[in-house]
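A.B. asks: Below is one structure. I have some questions about it.
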Amino acid sequence: MGALKEKVLTLNVSHADQPAIDAAMKRGVWSRLPKALSMGPDALIEEIKKSGLRGRGGAGFPAGVKWSFMPKQPVKPSYLVVNADESEPGTFKDRLLMERDPHLCLEGFLLGAWAIRASAVFIYIRGEFVAGWKALDRAIAEARSKGFIGKNVLKSGWDVDVILHRGAGAYICGEETALMESLEGKRGYPRLKPPFPAAHGVYGNPTTINNVETLACVPHIVERGAEWFASIGREKNTGPKLYCLSGHVKRPGVYEAELGVPFETLFEEMGGGLLDPSRRLQAVIPGGSSAAVMTPAECAGLTMDFDSLAAKGSLLGSAGVMIMDDSVCMVRACERVLKFYAHESCGQCTPCRIGADWIHRIVARIEAGGGTPEDPGTLMSVCDGMVGKTICVFADAAAIPAKSFVTKFRDAFDEHIMRRACPLLLAPAGARG
Amino acid sequence: MPDETPKPADTISLTIDGVTVSVPKGTTVLQAAEKAGLDVPRYCYHPGLTIAGNCRICLVDVEKMPKLATSCTTLAAEGMVVRTGGEKVEDGRRAVMEFLLANHPLDCPICDQAGECRLQEYSFQHGSGGQRFVEERIKGFKQKPVGTHIVLDTERCIVCTRCIRFCDEVTGTGELGVFQRGAFSYIDTFPGRGLDNPYSGNTVDICPVGALTLKEFRFKKRVWWIKDVPSVCGSCARGCSVNLGTADNTIYRLTPRENPRVNKWWMCDEGRLSIHAPAPGARLGHAMARDNGEQAVIDHPVALERLAARLKAARPGGVGIIASASLTLEDLWMVRRLAAECLKDARVVVPEVRRGEDDAILIRADKTANRKGAEMLGLPLDTGDASLAALLEDARAGSIEVLLVLGHPIDGPVKSPGGAPFVCAALTHAGGLADAADLVIPTAAYGEFEGTWVNFAGHAQRVRRGLVPTGIALDVWLLIAELMRSMGVPVRFASSADVLSEIASKCEAFRPLAIYGGPVKALGAQGVTL
């Protein structure tokens, strides 16, 4: 198992004309909307539940269950928010879908909106995704002209509008409630929960928020059925999944595979193995930089799905798989990851505001040769002061990888401290590869 | 034994540190802990503002919850078991304290908040006592004037956002916001705006640290020398409950005192800064008489004798009394008694002082403290300045023989070309009428007198003395009592409380104050709505 018999989400991404609605429709896009409209929202939710589709944004929450939290007899308008603020370092799968197959994405958004009887879809797209934004903007206009968006969609009596909103460059605005604040024009601070978005979301109305890839799966489930979807992948980890391969790998890129593809298949067969075969694999970040780093030993026999990675103390997250060979200084890598979190902490909660900056500065000092023997211990304890003590999970996303770097690559930290410099910088020229 | 009393559906019972408390549904764990008599530390939580949940110091351990929970954001639930202490909780709080102090300048020796700073308090209670943060501290603004009265130090700030929420939610003016991100987050006014709303001083009160300070108070006094005397603000008819911050026989600051029926937690800047306003002239400390064209100091008993003689000699209708509506109930009661028992057809006026408009928060256009009290005592209120104007016109026409002015300085001439009337000014400060008067008797100023004020809504509160009066300055009620004795009416009160007891026993409107223990006890700390 591992490789798909046929591509699903990325089937049409190589066709240059796919972003145009006529070409997309010729290849079957938008054919699932009428079917879903005739099924009705409740049957659609049931179908998605049966398929086992889990959210592709990182947390892996079952999409159908999430939809079923929405009020059945709403007194206020319901909204679907599409989280297209793909900002997790090492992740670039939604970008591909939006740029290369915007109509598939949009059809998925509409199906999701129908399932929760939403009157509006807000697409919150990362500001830097200019090509994706242009592609979606055009797709929305085309879909509107065909009657897929607007009043009385395909004479079903359902009115829905789609609003495309560009973010302004904050990682935290990918956190669902910070995204909603930002969408409302406020500072992107995560909200206190409860109330949860299904009760009190955008503008205080019931809201469901889904990742682009999650919603892009929905048209295929409607077309081919829940059983087909559930037959792909592993138990409780079903369907096709996009993996983003980057770092010291021969063929970096987005790969579609079964959810639960073995790490070896993904890395060796699909990615072509290490960029420089004379090197040794040193570390893997399996799910975007928020995931705990893993050693090659931990990756042996590993299947890349939500539950297997959680069992190993890491995360599938956004499936941003970063490969590091032995030319990488692990302290430097840790410093780079933490610099990102120090920069992106929204600053709302004390432990994260100060902690994210503090742990970065400790590691930066160690890398620069100013570390002391107390530093690793202090770093671990500062991380403990952050984990689970904040409004959102950003603090965990910074502290957990930091702890994993120190725990799993302690020798590198100790060597930096002992030699008062980065050993790789001390090495003779040419030896660093 | 099972509880026999049926429990209302909207009440919840929970256990906090072994104490079972019942609270209404919707109460947070922090509020429930307060009810159980426990003090959970807090920075961002303020009962008058929405819940932010950002400081994380109020962490508690809730049974069956995997992580520590912030007690300010967690709703109490039936059967919940909460621990506000213990190793896990203290570890969490110690971490929060360490984070808050990492970039903090620790300039406590020169910080105005020192002594009433929650960083100090919670460091003492929950901190580690050590310092592991060895990185370079992040710099911020020091001493940045963000408003006419407010100075900001972002290095001391812990970004709890209380001040922002105050300006968003209470005044609705929204001058403040958070700028930048993460550890570089700081609070400031939005470009082109100043923190100049009429309630800006409250941001200083609610700031749990020394980030926001009041220009008029900073560097004036270490707070541990200040003694807070509970009293009432006299700047308008709202009568906000305040504390007089006194030391060295001076009021250094006025701060609001929580009173849900009057001012909640707030007061306006005009009231707060009233004690810093420049006086019209020098403080009067001695009686003075104009004998040969010049005012000269005379003995107080002599001054009273002279006034008594003038009043006795006046024909019926020849005495005018102008009594400020900011005098206490006790003062005004004695004005009423003086007019009724010692004078014939005296013309008493309680002038109106209005400025601006009532606002939707606290400020009243009526700038007197006790107009409602005067009305309840049945004193003739001056409406639209008519009767005050008439009285002054008659005085200038020479038809008034003696004009007694109590606490209400009047501008402009009051005398007729013939020199009448004889003007006695019982005031606090020189200047204006005091300089023009024939007889000047000093009275106790704000902070020096004691008594009762009734606000516009009929809420009576006790005004307390925080200062030793200047010179021989007396409370007006005492001055009039002495004057009446000089005129042969035997009045004797040991204190203003005695006067209030008489008011409560003789005046129907104040009957609710006539309880066992006396009216002062009835008024308590927060007053009584009559």
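Letters for chains follow the order of the structure tokens (A, B, ...), residue numbers begin at 1 for each chain, and ligand numbers begin at 1 in the order shown.
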Taking only C-alpha atoms into account, find every residue of chain A that has an atom no more than 10 Å from chain B, and write it out as an MDAnalysis selection string.
C.D. replies: chainID A and resid 170 187 191:194 341:358 361:362 365 374:375 378 381:391
A.B. asks: Could you tell me, as a list of chain:residue names, which residues of range 28-234 of chain A DSSP assigns to strand (DSSP E) when given the backbone?
C.D. replies: A:Tyr79, A:Leu80, A:Val81, A:Val82, A:Asn83, A:Ala84, A:Ala120, A:Val121, A:Phe122, A:Ile123, A:Tyr124, A:Ile125, A:Asp161, A:Val162, A:Ile163, A:Leu164, A:His165, A:Arg166, A:Thr207, A:Thr208, A:Ile209, A:Asn210, A:Asn211, A:Gly233, A:Arg234
A.B. asks: Tell me, as a compact mmCIF listing (two decimals) with N, CA and C atoms, in the first residue's frame, which residues lie within 12 Å of range 352-360 of chain B, counting only C-alpha atoms; anything in the same chain fewer than 6 positions away does not count.
C.D. replies:
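Saved to selection01.txt:
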# COMPACT_ATOMS: atom_id res chain seq x y z
N VAL B 170 -16.07 51.08 28.22
CA VAL B 170 -16.70 52.00 29.19
C VAL B 170 -16.90 53.37 28.56
N THR B 171 -15.85 53.94 28.03
CA THR B 171 -16.01 55.27 27.42
C THR B 171 -16.38 55.17 25.94
N GLY B 172 -16.10 54.03 25.33
CA GLY B 172 -16.42 53.88 23.91
C GLY B 172 -15.59 54.77 23.00
N PRO B 198 -12.80 61.99 28.98
CA PRO B 198 -13.02 62.60 30.31
C PRO B 198 -12.85 61.62 31.46
N TYR B 199 -12.54 60.37 31.15
CA TYR B 199 -12.37 59.36 32.20
C TYR B 199 -10.98 58.73 32.16
N SER B 235 -17.34 67.05 43.01
CA SER B 235 -17.25 67.87 41.80
C SER B 235 -18.53 67.93 40.98
N CYS B 236 -19.45 67.02 41.21
CA CYS B 236 -20.74 67.14 40.53
C CYS B 236 -21.78 66.38 41.35
N ALA B 237 -23.00 66.39 40.85
CA ALA B 237 -24.11 65.82 41.60
C ALA B 237 -24.12 64.30 41.61
N ARG B 238 -23.12 63.64 40.91
CA ARG B 238 -23.05 62.18 40.96
C ARG B 238 -22.58 61.73 42.34
N ASN B 263 -20.99 54.77 41.31
CA ASN B 263 -19.97 54.98 40.27
C ASN B 263 -19.28 53.69 39.84
N CYS B 268 -14.66 60.52 37.03
CA CYS B 268 -14.22 61.32 35.88
C CYS B 268 -12.94 62.06 36.23
N ILE B 322 -26.70 83.25 51.25
CA ILE B 322 -26.41 82.45 50.06
C ILE B 322 -25.64 81.23 50.54
N ALA B 323 -26.28 80.05 50.44
CA ALA B 323 -25.66 78.81 50.94
C ALA B 323 -25.37 77.90 49.76
N SER B 324 -24.14 77.50 49.66
CA SER B 324 -23.75 76.63 48.54
C SER B 324 -24.50 75.30 48.58
N ALA B 325 -24.85 74.82 47.40
CA ALA B 325 -25.48 73.49 47.30
C ALA B 325 -24.45 72.38 47.46
N SER B 326 -23.19 72.74 47.70
CA SER B 326 -22.18 71.73 48.00
C SER B 326 -21.90 71.65 49.49
N ASP B 366 -24.98 69.38 36.78
CA ASP B 366 -25.09 70.03 38.09
C ASP B 366 -23.76 69.83 38.82
N LYS B 367 -23.03 70.93 38.99
CA LYS B 367 -21.69 70.82 39.56
C LYS B 367 -21.68 70.98 41.08
N THR B 368 -22.84 70.86 41.71
CA THR B 368 -22.87 70.92 43.17
C THR B 368 -23.07 69.51 43.72
N ALA B 369 -22.62 69.30 44.95
CA ALA B 369 -22.59 67.95 45.49
C ALA B 369 -23.88 67.56 46.21
N ASN B 370 -24.68 68.57 46.61
CA ASN B 370 -25.75 68.24 47.56
C ASN B 370 -27.04 69.00 47.27
N ARG B 371 -27.27 69.31 46.01
CA ARG B 371 -28.48 70.07 45.67
C ARG B 371 -29.73 69.29 46.03
N LYS B 372 -29.67 67.98 45.78
CA LYS B 372 -30.82 67.13 46.11
C LYS B 372 -31.06 67.16 47.63
N ALA B 374 -30.34 69.61 49.67
CA ALA B 374 -30.94 70.91 50.00
C ALA B 374 -32.43 70.88 49.71
N GLU B 375 -32.77 70.28 48.57
CA GLU B 375 -34.18 70.20 48.18
C GLU B 375 -34.96 69.36 49.19
N PRO B 380 -34.99 76.73 49.86
CA PRO B 380 -35.41 77.29 48.58
C PRO B 380 -34.29 77.20 47.55
N LEU B 381 -34.57 76.45 46.49
CA LEU B 381 -33.56 76.29 45.45
C LEU B 381 -33.66 77.45 44.48
N ASP B 382 -32.50 77.84 44.08
CA ASP B 382 -32.42 78.89 43.08
C ASP B 382 -32.55 78.22 41.73
N THR B 383 -33.58 78.55 40.99
CA THR B 383 -33.70 77.92 39.68
C THR B 383 -33.40 78.96 38.62
N GLY B 384 -32.58 78.53 37.66
CA GLY B 384 -32.20 79.41 36.56
C GLY B 384 -31.61 80.73 37.03
N ASP B 385 -30.99 80.74 38.19
CA ASP B 385 -30.30 81.92 38.73
C ASP B 385 -31.25 83.05 39.13
N ALA B 386 -32.56 82.83 39.03
CA ALA B 386 -33.50 83.93 39.22
C ALA B 386 -33.44 84.53 40.61
N SER B 387 -33.59 83.71 41.63
CA SER B 387 -33.69 84.31 42.96
C SER B 387 -32.33 84.78 43.49
N LEU B 388 -31.23 84.12 43.02
CA LEU B 388 -29.92 84.62 43.40
C LEU B 388 -29.72 86.00 42.78
N ALA B 389 -30.10 86.11 41.51
CA ALA B 389 -29.97 87.39 40.81
C ALA B 389 -30.80 88.46 41.51
N HIS B 408 -20.17 79.70 48.83
CA HIS B 408 -20.47 79.90 47.41
C HIS B 408 -19.87 81.23 46.96
N PRO B 409 -18.64 81.24 46.52
CA PRO B 409 -18.02 82.51 46.13
C PRO B 409 -18.75 83.13 44.95
N ILE B 410 -19.05 84.41 45.06
CA ILE B 410 -19.78 85.09 43.99
C ILE B 410 -18.83 86.10 43.34
N PHE B 456 -27.74 63.32 43.03
CA PHE B 456 -28.92 63.70 42.23
C PHE B 456 -30.00 62.64 42.27
A.B. asks: Excluding range 140-157 of chain A and residues on its chain fewer than 4 positions from it, collect all residues at most 10 Å away from it, counting only C-alpha atoms, and give them as an NGL selection string.
C.D. replies: :A and (20-22 or 30 or 33-34 or 37-38 or 40 or 102-103 or 106-107 or 110 or 119-121 or 134-136 or 161-164)
A.B. asks: Grab the CA of Val8 in chain A to CA of Gly239 in chain A distance for me, in Å with one decimal place.
C.D. replies: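 Distance between the two atoms: 9.4 Å.
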A.B. asks: I'd like to know which of A:Thr265, A:Thr10, A:Ser31, A:Ser318 is closest to Pro286 in chain A, using only C-alpha atoms.
C.D. replies: A:Ser318
A.B. asks: Write out as a list in words all residues of range 318-356 of chain A that DSSP puts in helix (DSSP H, G or I) for this structure's backbone.
C.D. replies: Met330, Val331, Arg332, Ala333, Cys334, Glu335, Arg336, Val337, Leu338, Lys339, Phe340, Tyr341, Ala342, His343, Glu344, Thr350, Pro351, Cys352, Arg353, Ile354, Gly355 and Ala356 of chain A
A.B. asks: Next, the residues of the selection above should be written as a PDB file, in the first residue's frame with N, CA and C atoms.
C.D. replies:
ATOM      1  N   MET A 330      21.772  20.877  13.850  1.00  0.00           N
ATOM      2  CA  MET A 330      20.438  20.759  14.454  1.00  0.00           C
ATOM      3  C   MET A 330      20.119  21.908  15.396  1.00  0.00           C
ATOM      4  N   VAL A 331      21.146  22.533  15.957  1.00  0.00           N
ATOM      5  CA  VAL A 331      20.897  23.706  16.802  1.00  0.00           C
ATOM      6  C   VAL A 331      20.461  24.871  15.913  1.00  0.00           C
ATOM      7  N   ARG A 332      21.140  24.989  14.790  1.00  0.00           N
ATOM      8  CA  ARG A 332      20.786  26.048  13.838  1.00  0.00           C
ATOM      9  C   ARG A 332      19.362  25.824  13.305  1.00  0.00           C
ATOM     10  N   ALA A 333      19.026  24.559  13.012  1.00  0.00           N
ATOM     11  CA  ALA A 333      17.683  24.246  12.518  1.00  0.00           C
ATOM     12  C   ALA A 333      16.644  24.602  13.579  1.00  0.00           C
ATOM     13  N   CYS A 334      16.946  24.246  14.819  1.00  0.00           N
ATOM     14  CA  CYS A 334      16.035  24.550  15.920  1.00  0.00           C
ATOM     15  C   CYS A 334      15.884  26.063  16.055  1.00  0.00           C
ATOM     16  N   GLU A 335      17.004  26.769  15.954  1.00  0.00           N
ATOM     17  CA  GLU A 335      16.984  28.232  16.073  1.00  0.00           C
ATOM     18  C   GLU A 335      16.105  28.828  14.994  1.00  0.00           C
ATOM     19  N   ARG A 336      16.216  28.278  13.769  1.00  0.00           N
ATOM     20  CA  ARG A 336      15.444  28.822  12.652  1.00  0.00           C
ATOM     21  C   ARG A 336      13.942  28.604  12.859  1.00  0.00           C
ATOM     22  N   VAL A 337      13.596  27.409  13.369  1.00  0.00           N
ATOM     23  CA  VAL A 337      12.185  27.119  13.639  1.00  0.00           C
ATOM     24  C   VAL A 337      11.661  28.067  14.726  1.00  0.00           C
ATOM     25  N   LEU A 338      12.462  28.225  15.785  1.00  0.00           N
ATOM     26  CA  LEU A 338      11.997  29.043  16.911  1.00  0.00           C
ATOM     27  C   LEU A 338      11.948  30.525  16.562  1.00  0.00           C
ATOM     28  N   LYS A 339      12.812  30.950  15.663  1.00  0.00           N
ATOM     29  CA  LYS A 339      12.785  32.342  15.227  1.00  0.00           C
ATOM     30  C   LYS A 339      11.431  32.653  14.591  1.00  0.00           C
ATOM     31  N   PHE A 340      10.963  31.678  13.823  1.00  0.00           N
ATOM     32  CA  PHE A 340       9.653  31.832  13.184  1.00  0.00           C
ATOM     33  C   PHE A 340       8.559  32.016  14.245  1.00  0.00           C
ATOM     34  N   TYR A 341       8.573  31.173  15.271  1.00  0.00           N
ATOM     35  CA  TYR A 341       7.509  31.260  16.279  1.00  0.00           C
ATOM     36  C   TYR A 341       7.641  32.511  17.140  1.00  0.00           C
ATOM     37  N   ALA A 342       8.876  32.916  17.429  1.00  0.00           N
ATOM     38  CA  ALA A 342       9.063  34.153  18.194  1.00  0.00           C
ATOM     39  C   ALA A 342       8.502  35.330  17.404  1.00  0.00           C
ATOM     40  N   HIS A 343       8.682  35.278  16.094  1.00  0.00           N
ATOM     41  CA  HIS A 343       8.215  36.361  15.238  1.00  0.00           C
ATOM     42  C   HIS A 343       6.711  36.342  15.070  1.00  0.00           C
ATOM     43  N   GLU A 344       6.120  35.141  15.105  1.00  0.00           N
ATOM     44  CA  GLU A 344       4.707  35.021  14.777  1.00  0.00           C
ATOM     45  C   GLU A 344       3.767  34.940  15.979  1.00  0.00           C
ATOM     46  N   THR A 350       0.548  35.718  28.054  1.00  0.00           N
ATOM     47  CA  THR A 350       1.881  35.918  28.627  1.00  0.00           C
ATOM     48  C   THR A 350       2.872  34.787  28.303  1.00  0.00           C
ATOM     49  N   PRO A 351       2.525  33.514  28.543  1.00  0.00           N
ATOM     50  CA  PRO A 351       3.550  32.468  28.367  1.00  0.00           C
ATOM     51  C   PRO A 351       4.076  32.406  26.941  1.00  0.00           C
ATOM     52  N   CYS A 352       3.212  32.637  25.975  1.00  0.00           N
ATOM     53  CA  CYS A 352       3.627  32.538  24.581  1.00  0.00           C
ATOM     54  C   CYS A 352       4.356  33.808  24.150  1.00  0.00           C
ATOM     55  N   ARG A 353       3.813  34.969  24.564  1.00  0.00           N
ATOM     56  CA  ARG A 353       4.407  36.241  24.163  1.00  0.00           C
ATOM     57  C   ARG A 353       5.875  36.293  24.554  1.00  0.00           C
ATOM     58  N   ILE A 354       6.150  35.941  25.810  1.00  0.00           N
ATOM     59  CA  ILE A 354       7.524  36.027  26.306  1.00  0.00           C
ATOM     60  C   ILE A 354       8.270  34.725  26.034  1.00  0.00           C
ATOM     61  N   GLY A 355       7.584  33.601  26.246  1.00  0.00           N
ATOM     62  CA  GLY A 355       8.249  32.302  26.135  1.00  0.00           C
ATOM     63  C   GLY A 355       8.789  32.028  24.748  1.00  0.00           C
ATOM     64  N   ALA A 356       7.984  32.313  23.705  1.00  0.00           N
ATOM     65  CA  ALA A 356       8.420  32.016  22.333  1.00  0.00           C
ATOM     66  C   ALA A 356       9.688  32.795  22.004  1.00  0.00           C
TER      67      ALA A 356
END
A.B. asks: Smallest atom-to-atom distance to Pro24 in chain B: which of B:Glu90, B:Ala397, B:Glu78, B:Leu49, using only C-alpha atoms?
C.D. replies: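 Result for the nearest residue to Pro24 in chain B: B:Glu78.
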A.B. asks: Please provide the set of residues having any atom within 8 Å of Lys227 in chain B, restricted to only C-alpha atoms, with same-chain residues fewer than 6 positions apart removed, written as a list in words.
C.D. replies: Leu244, Gly245, Thr246 and Ala247 of chain B
A.B. asks: Could you save those same residues with N, CA and C atoms as a short mmCIF file (atom, residue, chain, number, x, y, z; two decimals), in the first residue's frame?
C.D. replies:
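Contents of the output file out-v7.cif:
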data_model
loop_
_atom_site.label_atom_id
_atom_site.label_comp_id
_atom_site.auth_asym_id
_atom_site.auth_seq_id
_atom_site.Cartn_x
_atom_site.Cartn_y
_atom_site.Cartn_z
N LEU B 244 -9.73 59.45 49.60
CA LEU B 244 -8.81 60.57 49.68
C LEU B 244 -7.45 59.98 50.03
N GLY B 245 -6.50 60.11 49.10
CA GLY B 245 -5.16 59.59 49.38
C GLY B 245 -4.37 60.64 50.14
N THR B 246 -4.30 60.49 51.46
CA THR B 246 -3.73 61.56 52.27
C THR B 246 -2.40 61.17 52.90
N ALA B 247 -1.54 62.17 53.01
CA ALA B 247 -0.28 62.05 53.75
C ALA B 247 0.18 63.47 54.03
#
A.B. asks: Report as number ranges by chain all protein, DNA and RNA residues lying within 9 Å of Ile209 in chain A, evaluated on only C-alpha atoms, omitting residues in the same chain fewer than 6 positions from it.
C.D. replies: A: 66, 79-83, 176, 197-198
A.B. asks: Can you tell me, as a JSON list (two decimals) with C-alpha atoms, in the first residue's frame, what residues are no more than 12 Å from Val151 in chain B when counting only C-alpha atoms, ignoring any on the same chain fewer than 2 positions away?
C.D. replies:
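Result file is part.json:
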[["chain", "number", "residue", "atom", "x", "y", "z"],
["B", 112, "ASP", "CA", 5.02, 55.06, 41.38],
["B", 141, "PHE", "CA", 8.94, 53.67, 25.51],
["B", 142, "LYS", "CA", 9.67, 55.33, 28.82],
["B", 143, "GLN", "CA", 7.68, 58.31, 30.09],
["B", 144, "LYS", "CA", 5.65, 58.73, 26.94],
["B", 145, "PRO", "CA", 2.83, 61.24, 27.39],
["B", 146, "VAL", "CA", -0.16, 59.53, 25.81],
["B", 147, "GLY", "CA", -2.72, 62.04, 27.02],
["B", 148, "THR", "CA", -3.00, 65.30, 28.89],
["B", 149, "HIS", "CA", -2.84, 63.50, 32.20],
["B", 153, "ASP", "CA", 5.94, 53.26, 30.20],
["B", 154, "THR", "CA", 5.74, 50.26, 27.86],
["B", 156, "ARG", "CA", 6.63, 48.09, 32.66],
["B", 157, "CYS", "CA", 3.51, 47.10, 30.73],
["B", 187, "ILE", "CA", 0.23, 49.46, 24.02],
["B", 188, "ASP", "CA", -0.10, 52.92, 22.54],
["B", 189, "THR", "CA", -2.63, 55.40, 21.27],
["B", 194, "GLY", "CA", -4.49, 61.08, 22.54],
["B", 195, "LEU", "CA", -5.83, 59.38, 25.63],
["B", 196, "ASP", "CA", -7.91, 62.43, 26.44],
["B", 200, "SER", "CA", -8.74, 58.76, 31.21],
["B", 201, "GLY", "CA", -7.50, 58.63, 34.80],
["B", 203, "THR", "CA", -6.79, 53.62, 33.09],
["B", 204, "VAL", "CA", -4.14, 54.48, 35.70],
["B", 207, "CYS", "CA", -3.35, 49.35, 35.36],
["B", 210, "GLY", "CA", 3.32, 50.96, 36.80],
["B", 211, "ALA", "CA", 2.83, 51.32, 33.04],
["B", 212, "LEU", "CA", 0.22, 54.05, 33.20],
["B", 213, "THR", "CA", 0.75, 56.86, 35.66],
["B", 214, "LEU", "CA", -1.07, 60.11, 36.34],
["B", 215, "LYS", "CA", 0.97, 63.22, 35.60],
["B", 216, "GLU", "CA", -0.50, 64.95, 38.61],
["B", 217, "PHE", "CA", 0.53, 62.18, 41.00],
["B", 218, "ARG", "CA", 3.72, 60.64, 39.61],
["B", 219, "PHE", "CA", 6.79, 61.08, 41.77]]
A.B. asks: In terms of the shortest atom-to-atom distance over only C-alpha atoms, which of B:Leu377, B:Ala525, B:Ala296, B:Leu14 is closest to Cys507 in chain B?
C.D. replies: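 For Cys507 in chain B, the nearest of the candidates is B:Leu377.
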A.B. asks: One decimal, in Å: what's the spacing between CA of Val23 in chain B and CA of Thr11 in chain B?
C.D. replies: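 CA of Val23 in chain B sits 5.6 Å away from CA of Thr11 in chain B.
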A.B. asks: Would you please work out which residue, of B:Val499, B:Leu284, B:Ala430, B:Val40, is nearest to Ile472 in chain B when using only C-alpha atoms?
C.D. replies: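 Smallest separation from Ile472 in chain B among the options: B:Leu284.
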